[in-house]
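Undergrad: Provided below: run-v1.cif, containing mmCIF, C-alpha atoms and all ligand atoms.
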data_coords
loop_
_atom_site.label_atom_id
_atom_site.label_comp_id
_atom_site.auth_asym_id
_atom_site.auth_seq_id
_atom_site.Cartn_x
_atom_site.Cartn_y
_atom_site.Cartn_z
CA MET A 1 168.33 148.30 90.16
CA ALA A 2 166.96 150.04 87.06
CA ARG A 3 170.35 151.71 86.60
CA ALA A 4 172.20 148.40 86.80
CA PHE A 5 169.82 146.93 84.25
CA ALA A 6 170.28 149.88 81.90
CA LYS A 7 174.04 149.68 82.24
CA ALA A 8 173.99 145.97 81.41
CA LEU A 9 171.82 146.56 78.35
CA LEU A 10 174.28 149.14 77.06
CA CYS A 11 177.52 147.34 77.96
CA LEU A 12 179.67 146.55 74.91
CA GLU A 13 180.70 143.17 76.30
CA ALA A 14 177.06 142.13 76.19
CA THR A 15 177.43 139.29 78.67
CA GLY A 16 174.14 140.00 80.38
CA GLU A 17 175.81 141.96 83.11
CA ALA A 18 177.69 145.23 82.92
CA CYS A 19 181.42 144.50 82.66
CA GLY A 20 182.26 147.75 84.39
CA HIS A 21 185.33 148.60 82.29
CA CYS A 22 184.29 149.04 78.65
CA ARG A 23 183.79 152.47 77.12
CA SER A 24 180.04 152.15 77.50
CA CYS A 25 180.25 151.27 81.18
CA SER A 26 182.63 154.14 81.97
CA LEU A 27 180.49 156.62 80.06
CA PHE A 28 177.47 155.31 81.89
CA ASP A 29 179.18 155.81 85.25
CA SER A 30 180.14 159.37 84.36
CA GLY A 31 176.53 160.09 83.43
CA ASN A 32 177.35 160.88 79.80
CA HIS A 33 176.23 157.81 77.91
CA PRO A 34 174.97 158.94 74.49
CA ASP A 35 172.52 156.05 74.20
CA LEU A 36 170.94 156.44 77.59
CA ILE A 37 167.96 158.75 77.33
CA PRO A 38 166.52 159.76 80.68
CA VAL A 39 163.05 161.27 80.59
CA GLY A 40 162.37 162.87 83.94
CA ILE A 41 159.69 165.31 84.91
CA ASP A 42 159.21 168.88 83.80
CA GLY A 43 158.01 170.66 86.90
CA GLU A 44 155.39 168.46 88.48
CA SER A 45 154.65 166.10 85.66
CA LEU A 46 155.96 164.25 82.64
CA LYS A 47 154.50 166.18 79.74
CA ILE A 48 153.55 165.40 76.15
CA GLU A 49 156.25 167.80 74.86
CA GLN A 50 158.86 165.57 76.50
CA ILE A 51 157.36 162.49 74.88
CA ARG A 52 157.38 164.23 71.47
CA GLU A 53 161.00 165.23 72.00
CA LEU A 54 161.75 161.62 72.89
CA GLN A 55 160.00 160.33 69.78
CA ARG A 56 162.15 162.60 67.62
CA THR A 57 165.39 161.26 69.08
CA LEU A 58 164.35 157.61 68.83
CA GLY A 59 164.62 157.66 65.05
CA PHE A 60 168.42 157.89 65.22
CA HIS A 61 170.71 154.87 65.53
CA PRO A 62 172.53 154.21 68.77
CA VAL A 63 175.85 156.04 68.88
CA LEU A 64 178.00 153.64 70.86
CA SER A 65 176.04 150.65 72.10
CA ARG A 66 173.92 148.19 70.20
CA ARG A 67 170.74 149.69 71.53
CA LYS A 68 169.33 152.76 73.17
CA VAL A 69 167.81 152.71 76.61
CA VAL A 70 165.06 155.14 77.52
CA PHE A 71 164.74 155.51 81.27
CA LEU A 72 161.54 156.96 82.74
CA PRO A 73 161.92 157.15 86.52
CA TYR A 74 158.54 158.78 87.12
CA MET A 75 156.02 156.79 85.12
CA GLU A 76 153.28 157.75 87.56
CA LYS A 77 153.81 161.44 86.83
CA MET A 78 152.83 161.16 83.17
CA THR A 79 149.94 163.38 82.21
CA GLU A 80 147.11 161.61 80.44
CA VAL A 81 148.06 163.19 77.12
CA ALA A 82 151.70 162.21 77.60
CA ALA A 83 150.68 158.66 78.50
CA ASN A 84 148.64 158.35 75.32
CA GLY A 85 151.54 159.69 73.29
CA PHE A 86 153.91 157.27 74.97
CA LEU A 87 151.50 154.43 74.31
CA LYS A 88 151.79 155.11 70.57
CA THR A 89 155.57 154.73 70.86
CA LEU A 90 155.16 151.45 72.68
CA GLU A 91 152.71 150.17 70.11
CA GLU A 92 155.19 150.75 67.31
CA PRO A 93 158.49 150.42 69.13
CA PRO A 94 161.47 151.71 67.17
CA ALA A 95 164.21 149.16 66.52
CA ALA A 96 166.94 148.70 69.12
CA VAL A 97 165.29 150.72 71.85
CA HIS A 98 164.58 149.48 75.35
CA PHE A 99 162.20 151.31 77.64
CA LEU A 100 162.80 151.16 81.37
CA GLY A 101 160.13 152.75 83.46
CA ALA A 102 159.80 153.07 87.19
CA ALA A 103 156.80 154.06 89.28
CA VAL A 104 156.12 154.06 92.99
CA ASP A 105 152.62 152.84 92.32
CA GLU A 106 151.94 150.68 89.29
CA SER A 107 148.19 151.16 89.59
CA VAL A 108 148.41 154.79 88.46
CA VAL A 109 150.14 153.85 85.21
CA LEU A 110 147.67 153.43 82.34
CA PRO A 111 146.67 149.74 82.07
CA THR A 112 147.34 149.85 78.32
CA ILE A 113 150.91 150.92 79.03
CA ARG A 114 151.38 148.43 81.85
CA SER A 115 150.23 145.60 79.64
CA ARG A 116 152.93 146.49 77.09
CA MET A 117 155.73 146.61 79.61
CA GLN A 118 157.11 143.80 81.64
CA LEU A 119 156.54 144.39 85.30
CA VAL A 120 159.37 143.97 87.79
CA ARG A 121 158.47 144.67 91.38
CA LEU A 122 161.35 146.04 93.38
CA THR A 123 162.22 146.27 97.02
CA TYR A 124 159.21 145.25 98.99
CA VAL A 125 159.50 146.82 102.39
CA PRO A 126 157.76 145.00 105.24
CA ALA A 127 154.56 146.75 106.36
CA GLU A 128 155.95 147.00 109.90
CA GLU A 129 158.93 149.00 108.65
CA ILE A 130 156.75 151.27 106.53
CA ALA A 131 154.46 151.91 109.50
CA GLN A 132 157.49 152.91 111.60
CA GLY A 133 158.56 155.33 108.89
CA LEU A 134 155.10 156.90 108.82
CA ILE A 135 155.02 157.25 112.60
CA GLN A 136 158.36 159.05 112.44
CA ARG A 137 156.69 161.46 110.00
CA GLY A 138 154.04 162.24 112.58
CA CYS A 139 151.40 159.72 111.54
CA PRO A 140 149.29 158.33 114.40
CA PRO A 141 150.23 154.65 114.96
CA GLU A 142 146.78 153.25 114.18
CA GLN A 143 146.56 155.13 110.88
CA ALA A 144 150.18 154.20 110.08
CA GLY A 145 149.28 150.53 110.41
CA THR A 146 146.29 150.85 108.09
CA ILE A 147 148.20 152.78 105.44
CA ALA A 148 151.25 150.49 105.63
CA SER A 149 149.24 147.31 105.21
CA GLY A 150 147.57 148.73 102.10
CA SER A 151 150.75 150.05 100.51
CA GLN A 152 151.97 146.87 98.75
CA GLY A 153 155.38 147.19 100.35
CA LEU A 154 156.03 150.50 98.63
CA PRO A 155 157.19 153.24 101.00
CA GLY A 156 156.69 155.95 98.39
CA LEU A 157 153.07 155.00 97.95
CA ALA A 158 152.52 154.86 101.72
CA ILE A 159 153.99 158.32 102.21
CA ARG A 160 151.81 159.73 99.46
CA ARG A 161 148.68 158.19 100.99
CA PHE A 162 149.64 159.68 104.35
CA GLN A 163 150.14 163.10 102.80
CA GLU A 164 146.77 162.86 101.11
CA ALA A 165 145.12 161.86 104.38
CA GLU A 166 146.81 164.80 106.10
CA ALA A 167 145.54 167.20 103.45
CA ALA A 168 142.03 165.78 103.83
CA THR A 169 142.22 166.25 107.59
CA ARG A 170 143.29 169.86 107.09
CA ASP A 171 140.32 170.44 104.80
CA TRP A 172 137.92 168.99 107.33
CA ALA A 173 139.49 170.91 110.18
CA ALA A 174 138.99 174.17 108.28
CA LEU A 175 135.39 173.29 107.51
CA LEU A 176 134.56 172.23 111.06
CA GLU A 177 136.45 175.13 112.62
CA GLU A 178 134.18 177.51 110.74
CA ALA A 179 131.08 175.48 111.57
CA GLU A 180 129.06 177.35 108.96
CA LEU A 181 125.96 175.47 107.92
CA LEU A 182 126.01 176.38 104.25
CA PRO A 183 129.48 175.06 103.34
CA LEU A 184 128.77 171.97 105.41
CA LEU A 185 125.51 171.30 103.60
CA ARG A 186 127.35 171.67 100.31
CA LYS A 187 129.75 169.02 101.53
CA ALA A 188 126.81 166.81 102.45
CA ALA A 189 125.47 167.16 98.91
CA GLU A 190 128.80 165.82 97.63
CA ALA A 191 128.03 162.60 99.48
CA GLU A 192 125.68 161.66 96.67
CA LYS A 193 128.53 161.61 94.18
CA VAL A 194 131.16 159.63 96.10
CA PRO A 195 131.32 155.97 97.21
CA ARG A 196 130.00 155.14 100.65
CA GLU A 197 133.48 154.25 101.95
CA GLN A 198 134.49 157.82 101.18
CA VAL A 199 131.64 159.13 103.32
CA GLY A 200 132.80 156.72 106.03
CA GLN A 201 136.26 158.24 105.78
CA TRP A 202 134.79 161.71 106.10
CA LEU A 203 133.04 160.70 109.28
CA ASP A 204 136.30 159.26 110.59
CA GLU A 205 138.11 162.51 109.77
CA MET A 206 135.43 164.45 111.60
CA ALA A 207 135.58 162.19 114.62
CA ALA A 208 139.37 162.57 114.71
CA TYR A 209 138.99 166.34 114.62
CA TYR A 210 136.54 166.41 117.54
CA ARG A 211 138.57 163.95 119.58
CA GLY A 212 141.46 166.37 119.17
CA ARG A 213 139.24 169.22 120.37
CA LEU A 214 138.16 167.17 123.35
CA ALA A 215 141.77 166.98 124.46
CA VAL A 216 142.22 170.75 124.55
CA GLY A 217 138.78 172.26 125.22
CA GLY A 218 137.19 173.29 128.53
CA ARG A 219 134.25 171.55 130.21
CA GLU A 220 131.48 173.44 128.40
CA THR A 221 133.01 172.76 124.99
CA ALA A 222 133.61 169.15 126.00
CA LYS A 223 129.92 168.59 126.59
CA LYS A 224 128.96 169.79 123.15
CA THR A 225 131.87 167.98 121.54
CA LEU A 226 130.75 164.71 123.12
CA VAL A 227 127.25 165.19 121.72
CA ILE A 228 128.73 165.76 118.27
CA LEU A 229 131.02 162.75 118.58
CA GLU A 230 128.05 160.62 119.49
CA ALA A 231 126.13 161.89 116.46
CA ILE A 232 129.12 161.06 114.25
CA GLN A 233 129.37 157.57 115.74
CA THR A 234 125.66 156.95 115.18
CA ALA A 235 125.96 158.13 111.58
CA ARG A 236 129.00 155.89 111.12
CA ASN A 237 127.04 152.86 112.33
CA ARG A 238 124.01 153.62 110.21
CA LEU A 239 126.12 154.14 107.12
CA ALA A 240 126.61 150.38 106.93
CA PHE A 241 122.88 150.05 106.28
CA ASN A 242 121.19 151.31 103.21
CA VAL A 243 120.66 154.80 104.56
CA ASN A 244 120.92 157.95 102.45
CA ALA A 245 124.47 159.19 103.11
CA ARG A 246 123.60 162.80 102.40
CA LEU A 247 120.81 162.81 104.99
CA LEU A 248 123.14 161.18 107.51
CA LEU A 249 125.74 163.90 107.04
CA GLU A 250 123.14 166.65 107.17
CA GLY A 251 121.97 165.31 110.50
CA VAL A 252 125.50 165.49 111.90
CA PHE A 253 126.13 168.94 110.48
CA LEU A 254 122.93 170.33 111.98
CA ARG A 255 124.14 169.03 115.31
CA ILE A 256 127.47 170.77 114.82
CA CYS A 257 125.95 174.14 113.90
CA ASN A 258 123.33 173.97 116.57
ZN ZN B 301 180.77 147.20 79.88
#
Output the file's structure in the form of C-alpha cells.
Ligand SMILES: [Zn+2]
TA:
Amino acid sequence: MARAFAKALLCLEATGEACGHCRSCSLFDSGNHPDLIPVGIDGESLKIEQIRELQRTLGFHPVLSRRKVVFLPYMEKMTEVAANGFLKTLEEPPAAVHFLGAAVDESVVLPTIRSRMQLVRLTYVPAEEIAQGLIQRGCPPEQAGTIASGSQGLPGLAIRRFQEAEAATRDWAALLEEAELLPLLRKAAEAEKVPREQVGQWLDEMAAYYRGRLAVGGRETAKKTLVILEAIQTARNRLAFNVNARLLLEGVFLRICN
C-alpha cells in the first residue's frame, strides 16, 4: 500500500495513480528510482546518523520526478534522538518532499511526529484471525484472545506483545525456579515503582508458572504448589483493594521460600 502510494506520487503522468509505464514507474519497479529515498533501520534501530544523512540529501532537487518521496518503513524503531531530529525536518519540510512512514504500532511514534503526519490505518486483521496466528506460535488460547483483542487489528503488534509476555514468563520462571528469598524480595520492592496492574500481571505469571509445575510434579510437590497457588490467588484478590502491593508480594514470596 505504501509502495503503491509512493509510486503514484513519483509517476510522471501525475494522474493520481501510477501509470505503470513511464520512466519513473519502471525505475520504481526495478528498485532504482533516484527520487525514492528509503530510510530503513541500521541494526536494531533507526538512528540519528541516518536522519542526518537524510537531511543532507533533502536539499537537492528531485532528479526525475516532480518530488522526492522519503519512505520510512520502521517508524517505531526510531531512537528518541533520531525522532527529535526527524521532527525538526517535519517542522521545516523541504520543498517537494513527501514523507511516507509506516509503523506496526502508532502509539510508539512520538505524538509530536504523529500530529504532523497524516495517519492512514492499513489492513485491520480481525481479532479472531490474530488470535489463531498467536496460537499457532505456541500462545495459550486464553492469552491469545486477550492479546488479540487489545492489538487494534495489527498482527505485528500482537506478536510483539506475545513475545514480551513470553520473555516476562521466562524471567519469572528463572526467579521462581531459584526460589531464593533475596532476589524475590528485591522484586517485591519493585512493586512500589510500577502500576498495580503490573503487579497483577506478575501474580498471573507466577500462577501460570505454578500451574505448569502442578502438571509435572509428584504428590509432595503438588501439596506445596497448591498452597503457593492459593497464596497467589489470595494476593490477587486483595490487590483490588487498597492494600500495599509490596507487602502482598512479600507474603507470597515468604510462602514460596518456606
Ligand atoms: Zn508512471
Undergrad: Pick out the closest residue to A:Ile51 from this set: A:Val243, A:Leu175, A:Met78, A:Ala191. Count all atoms listed in the file.
TA: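 Of A:Val243, A:Leu175, A:Met78, A:Ala191, the one nearest A:Ile51, counting all atoms listed in the file, is A:Met78.
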Undergrad: Check the smallest atom-to-atom distance from each of A:Ala83, A:Leu9, A:Val199, A:Ile41 to A:Leu239 using only C-alpha atoms, then report the winner.
TA: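 For A:Leu239, the nearest of the given residues is A:Val199.
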Undergrad: Counting only C-alpha atoms, what is within 10 Å of A:Ala165, bar same-chain residues fewer than 3 positions away, as number ranges by chain?
TA: A: 139, 143, 147, 159-162, 168-171, 201, 205
Undergrad: Set the cut-off to 6 Å, count all atoms listed in the file, and list whatever residues fall near ligand ZN 301 (chain B) as number ranges by chain.
TA: A: 11-13, 18-22, 24-25
Undergrad: Between A:Leu185, A:Ile232, A:Val70, A:Ala8, which has the minimum distance to A:Ile37 (counting all atoms listed in the file)?
TA: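 Closest candidate: A:Val70.
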Undergrad: Excluding A:Pro38 and its own-chain neighbours fewer than 3 positions away, which residues fall within 8 Å of it when counting only C-alpha atoms? Please give them as a VMD selection string.
TA: chain A and resid 70 to 73
Undergrad: Point out the residue among A:Ala6, A:Thr89, A:Arg56, A:Gly40 with the least atom-to-atom distance to A:Lys68, counting all atoms listed in the file.
TA: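 Residue with the minimum atom-to-atom distance to A:Lys68: A:Ala6.
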Undergrad: Please list as a ChimeraX atom specification every residue within 12 Å of stretch 227-229 of chain A, counting all atoms listed in the file and excluding residues in the same chain fewer than 3 positions away.
TA: /A:176,203-214,220-224,232-236,249,251-258
Undergrad: Figure out the distance between atom CA of A:Leu36 and atom CA of A:Val69, please, to one decimal in Å.
TA: 5.0 Å
Undergrad: What does the distance from atom CA of A:Phe99 to atom CA of A:Ile130 come to in Å, to one decimal?
TA: 29.4 Å
Undergrad: Write out as a short mmCIF file (atom, residue, chain, number, x, y, z; two decimals) with C-alpha atoms, in the coordinates of the input each polymer residue whose atoms come within 12 Å of A:Asp42, counting only C-alpha atoms; drop sequence neighbours fewer than 3 positions from it.
TA:
data_model
loop_
_atom_site.label_atom_id
_atom_site.label_comp_id
_atom_site.auth_asym_id
_atom_site.auth_seq_id
_atom_site.Cartn_x
_atom_site.Cartn_y
_atom_site.Cartn_z
CA VAL A 39 163.05 161.27 80.59
CA SER A 45 154.65 166.10 85.66
CA LEU A 46 155.96 164.25 82.64
CA LYS A 47 154.50 166.18 79.74
CA ILE A 48 153.55 165.40 76.15
CA GLU A 49 156.25 167.80 74.86
CA GLN A 50 158.86 165.57 76.50
CA ILE A 51 157.36 162.49 74.88
CA TYR A 74 158.54 158.78 87.12
CA LYS A 77 153.81 161.44 86.83
CA MET A 78 152.83 161.16 83.17
CA THR A 79 149.94 163.38 82.21
CA ALA A 82 151.70 162.21 77.60
#
Undergrad: Pick from A:Pro126, A:Gly138, A:Gly145, A:Gly156: nearest to A:Glu76, with only C-alpha atoms counted?
TA: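 The closest residue to A:Glu76 is A:Gly156.
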Undergrad: Can you measure atom CA of A:Arg67 to atom CA of A:Val109 for me? One decimal in Å is fine.
TA: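 Going from atom CA of A:Arg67 over to atom CA of A:Val109, I get 25.1 Å.
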Undergrad: Ranking A:Gln152, A:Glu250, A:Leu27, A:Thr57 by minimum distance to A:Leu181 and counting only C-alpha atoms, which one comes first?
TA: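 Between A:Gln152, A:Glu250, A:Leu27, A:Thr57, the residue approaching A:Leu181 most closely is A:Glu250.
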Undergrad: For A:Ser149, please output as a list in words all residues within 12 Å (counting all atoms listed in the file; exclusion window: fewer than 6 positions along the same chain).
TA: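 So, after excluding close chain neighbours, the residues are Tyr124, Val125, Pro126, Ala127, Glu128, Glu129, Ile130, Ala131, Gln132, Leu134, Glu142, Gln143, Pro155, Leu157, Ala158 and Arg161 of chain A.
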